[in-house]
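S.K.: For reference, the structure I am asking about is given below.
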Amino acid sequence: MVSIKTEEQIKNMEYAGKVCYDLLEHMESVVKQGITTKEIDDIAYTFITERGCTPSFLGYEGYPATICTSINDEVVHGIPSPKRKLKDGDIISLDVGASYKGYHADTARTYKVGSVSKEALDLMKYTKEALYEGLSVIKEGIKLNDVCAKIESVALAHNYGVIRELTGHGIGTVVHEDPYIPNYSNNESDLILKEGMTLAIEPMFSLKGRKVWMLEDGWTITTQDGSIAAHYEHTIAVTKDGYKILTGK
Ligand code: MF3
Ligand code: CO
Ligand code: CO
């Protein structure tokens, strides 16, 4: 079932979302060659809890950390580790979630470490563009698949792989609520959007093949062909004539 949130509930999500946004902004200067993903995770834990929020992912289905840190061919759900140091030329996706008064926000972006290839910069640029293109069609009364198709169209224009096993989702009192929101056009996304729905929109694109698998840690999803991947995500609320981003500008 797709739930409709009250203004009050959306305000709580917006506070959690603001904390997540501020954290991702802060990470722009933290993400550097030599730092470990565990150090990044510790910073995130302190940042979120000091602001009166609770990390959404820690303990979620047994997930062992505050945020997800996914490097290069890792698409999502990379687990922070004291053994994993960032290197010049890496790209890293940070995915953060926090709740306030029981209401969650979820947001992600991909960062470059030092100087990265033109291919990587383009992949980041267009995956982010796909997020905003997907958002651009959102308002009460549209069909969910319009968002899915719009996101996919950006990937198609650049020959990127659209990861199919992972999707956007509704969000509220839990991180993952109905509906699921694939990043490609499909027949199942026939839901008509209504004011007060809160959704996490999150394109995940790879440079080449779209096939992924899970590592033995039971969490990390990587591309099968080793090509790099990017991930951008916002939590939004549907309004009568558009949408409001709850995790940033
Ligand atoms: N943030 C992920 C998403 O965008 C979910 C992470 S759940 C975790 O849907 F347990 F892996 F952290
Ligand atoms: Co996320
Ligand atoms: Co999400």
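The way I read the labels, and the way they are meant: chains A, B, ... in the order of the structure tokens, residue 1 as the first residue of every chain, and ligand 1 as the first ligand shown, with later ones counted on from there.
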Can you work out which residues are within 9 Å of ligand 1, considering only C-alpha atoms and all ligand atoms, and then hand them over as a PyMOL selection string?

M.R.: chain A and resi 56-68+76-79+95-97+106-108+166-169+175-176+200-202+219-220+233-234

S.K.: Can you list, as a ChimeraX atom specification, all residues belonging to segment 192-237 of chain A that DSSP tags as strand (DSSP E)?

M.R.: /A:198-201,204-206,212-214,221-223,229-231,234-237

S.K.: As a PyMOL selection string, please: every residue in segment 95-246 of chain A that DSSP puts in helix (DSSP H, G or I).

M.R.: chain A and resi 118-136+144-158

S.K.: Would you save the residues from that selection as a tab-separated table (two decimals), in the first residue's frame, using N, CA, C and O atoms?

M.R.:
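Now in selection-v1.tsv:
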chain	number	residue	atom	x	y	z
A	118	LYS	N	37.64	11.21	-17.61
A	118	LYS	CA	36.53	11.92	-18.26
A	118	LYS	C	35.29	11.03	-18.28
A	118	LYS	O	34.17	11.48	-18.04
A	119	GLU	N	35.51	9.75	-18.54
A	119	GLU	CA	34.40	8.78	-18.55
A	119	GLU	C	33.66	8.77	-17.22
A	119	GLU	O	32.43	8.72	-17.17
A	120	ALA	N	34.44	8.79	-16.14
A	120	ALA	CA	33.84	8.76	-14.79
A	120	ALA	C	33.09	10.05	-14.52
A	120	ALA	O	31.97	10.03	-13.99
A	121	LEU	N	33.69	11.17	-14.89
A	121	LEU	CA	33.02	12.48	-14.69
A	121	LEU	C	31.71	12.54	-15.44
A	121	LEU	O	30.70	13.02	-14.92
A	122	ASP	N	31.71	12.04	-16.67
A	122	ASP	CA	30.48	12.05	-17.47
A	122	ASP	C	29.42	11.14	-16.85
A	122	ASP	O	28.25	11.51	-16.77
A	123	LEU	N	29.84	9.97	-16.42
A	123	LEU	CA	28.89	9.04	-15.79
A	123	LEU	C	28.23	9.69	-14.58
A	123	LEU	O	27.02	9.60	-14.38
A	124	MET	N	29.04	10.38	-13.77
A	124	MET	CA	28.50	11.06	-12.59
A	124	MET	C	27.53	12.17	-13.01
A	124	MET	O	26.42	12.28	-12.49
A	125	LYS	N	27.98	12.95	-13.98
A	125	LYS	CA	27.16	14.08	-14.44
A	125	LYS	C	25.79	13.62	-14.95
A	125	LYS	O	24.75	14.19	-14.60
A	126	TYR	N	25.79	12.58	-15.77
A	126	TYR	CA	24.54	12.18	-16.39
A	126	TYR	C	23.66	11.32	-15.46
A	126	TYR	O	22.44	11.30	-15.62
A	127	THR	N	24.26	10.66	-14.50
A	127	THR	CA	23.43	9.94	-13.53
A	127	THR	C	22.69	10.95	-12.65
A	127	THR	O	21.50	10.81	-12.35
A	128	LYS	N	23.41	12.03	-12.30
A	128	LYS	CA	22.78	13.11	-11.54
A	128	LYS	C	21.70	13.78	-12.38
A	128	LYS	O	20.59	14.07	-11.90
A	129	GLU	N	22.02	14.00	-13.65
A	129	GLU	CA	21.03	14.60	-14.54
A	129	GLU	C	19.77	13.73	-14.62
A	129	GLU	O	18.64	14.24	-14.64
A	130	ALA	N	19.96	12.42	-14.66
A	130	ALA	CA	18.81	11.49	-14.72
A	130	ALA	C	17.92	11.64	-13.49
A	130	ALA	O	16.69	11.60	-13.60
A	131	LEU	N	18.55	11.85	-12.33
A	131	LEU	CA	17.76	12.07	-11.12
A	131	LEU	C	16.88	13.30	-11.29
A	131	LEU	O	15.66	13.25	-11.07
A	132	TYR	N	17.48	14.41	-11.71
A	132	TYR	CA	16.70	15.65	-11.82
A	132	TYR	C	15.70	15.60	-12.98
A	132	TYR	O	14.61	16.18	-12.88
A	133	GLU	N	16.04	14.90	-14.03
A	133	GLU	CA	15.08	14.71	-15.13
A	133	GLU	C	13.89	13.89	-14.65
A	133	GLU	O	12.74	14.21	-14.96
A	134	GLY	N	14.15	12.85	-13.89
A	134	GLY	CA	13.06	12.03	-13.33
A	134	GLY	C	12.17	12.88	-12.44
A	134	GLY	O	10.94	12.82	-12.52
A	135	LEU	N	12.79	13.69	-11.60
A	135	LEU	CA	12.03	14.54	-10.69
A	135	LEU	C	11.17	15.55	-11.47
A	135	LEU	O	10.05	15.88	-11.05
A	136	SER	N	11.70	16.01	-12.59
A	136	SER	CA	11.07	17.14	-13.29
A	136	SER	C	9.63	16.87	-13.74
A	136	SER	O	8.86	17.80	-13.92
A	144	LEU	N	3.40	6.93	-12.33
A	144	LEU	CA	4.76	6.67	-11.83
A	144	LEU	C	5.71	6.30	-12.96
A	144	LEU	O	6.87	6.71	-12.97
A	145	ASN	N	5.21	5.54	-13.95
A	145	ASN	CA	6.10	5.10	-15.03
A	145	ASN	C	6.69	6.26	-15.83
A	145	ASN	O	7.74	6.11	-16.46
A	146	ASP	N	6.04	7.43	-15.80
A	146	ASP	CA	6.61	8.60	-16.49
A	146	ASP	C	7.98	8.95	-15.88
A	146	ASP	O	8.89	9.39	-16.59
A	147	VAL	N	8.09	8.76	-14.57
A	147	VAL	CA	9.37	9.03	-13.88
A	147	VAL	C	10.39	7.98	-14.30
A	147	VAL	O	11.54	8.29	-14.66
A	148	CYS	N	9.96	6.72	-14.27
A	148	CYS	CA	10.86	5.60	-14.62
A	148	CYS	C	11.41	5.78	-16.04
A	148	CYS	O	12.62	5.64	-16.29
A	149	ALA	N	10.51	6.11	-16.98
A	149	ALA	CA	10.89	6.23	-18.39
A	149	ALA	C	11.84	7.41	-18.60
A	149	ALA	O	12.78	7.34	-19.40
A	150	LYS	N	11.58	8.50	-17.88
A	150	LYS	CA	12.41	9.70	-18.01
A	150	LYS	C	13.84	9.41	-17.55
A	150	LYS	O	14.81	9.82	-18.20
A	151	ILE	N	13.97	8.72	-16.45
A	151	ILE	CA	15.30	8.36	-15.93
A	151	ILE	C	16.01	7.47	-16.95
A	151	ILE	O	17.17	7.71	-17.31
A	152	GLU	N	15.29	6.47	-17.45
A	152	GLU	CA	15.90	5.55	-18.41
A	152	GLU	C	16.36	6.27	-19.68
A	152	GLU	O	17.41	5.94	-20.25
A	153	SER	N	15.59	7.29	-20.10
A	153	SER	CA	15.92	7.96	-21.36
A	153	SER	C	17.31	8.61	-21.30
A	153	SER	O	18.02	8.65	-22.31
A	154	VAL	N	17.71	9.07	-20.12
A	154	VAL	CA	19.05	9.68	-19.99
A	154	VAL	C	20.13	8.60	-20.13
A	154	VAL	O	21.15	8.80	-20.80
A	155	ALA	N	19.89	7.44	-19.53
A	155	ALA	CA	20.86	6.33	-19.66
A	155	ALA	C	20.97	5.89	-21.12
A	155	ALA	O	22.08	5.68	-21.63
A	156	LEU	N	19.84	5.79	-21.79
A	156	LEU	CA	19.84	5.34	-23.19
A	156	LEU	C	20.61	6.31	-24.07
A	156	LEU	O	21.37	5.90	-24.95
A	157	ALA	N	20.46	7.60	-23.80
A	157	ALA	CA	21.12	8.63	-24.61
A	157	ALA	C	22.64	8.54	-24.50
A	157	ALA	O	23.36	9.01	-25.39
A	158	HIS	N	23.14	7.96	-23.41
A	158	HIS	CA	24.59	7.90	-23.20
A	158	HIS	C	25.12	6.47	-23.19
A	158	HIS	O	26.29	6.24	-22.84

S.K.: I need the residue nearest ligand 3 from this list: A:Gly161, A:Gly89, A:Gly242, A:Pro203. Use only C-alpha atoms and all ligand atoms for the distance.

M.R.: A:Pro203

S.K.: For Tyr21 of chain A, please output as a ChimeraX atom specification all residues within 7 Å (counting only C-alpha atoms; exclusion window: fewer than 3 positions along the same chain).

M.R.: /A:17-18,24-25,247-248

S.K.: Separation of atom CA of Glu50 of chain A and atom CA of Ser93 of chain A, in Å?

M.R.: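 Calculated distance between atom CA of Glu50 of chain A and atom CA of Ser93 of chain A is 23.0 Å.
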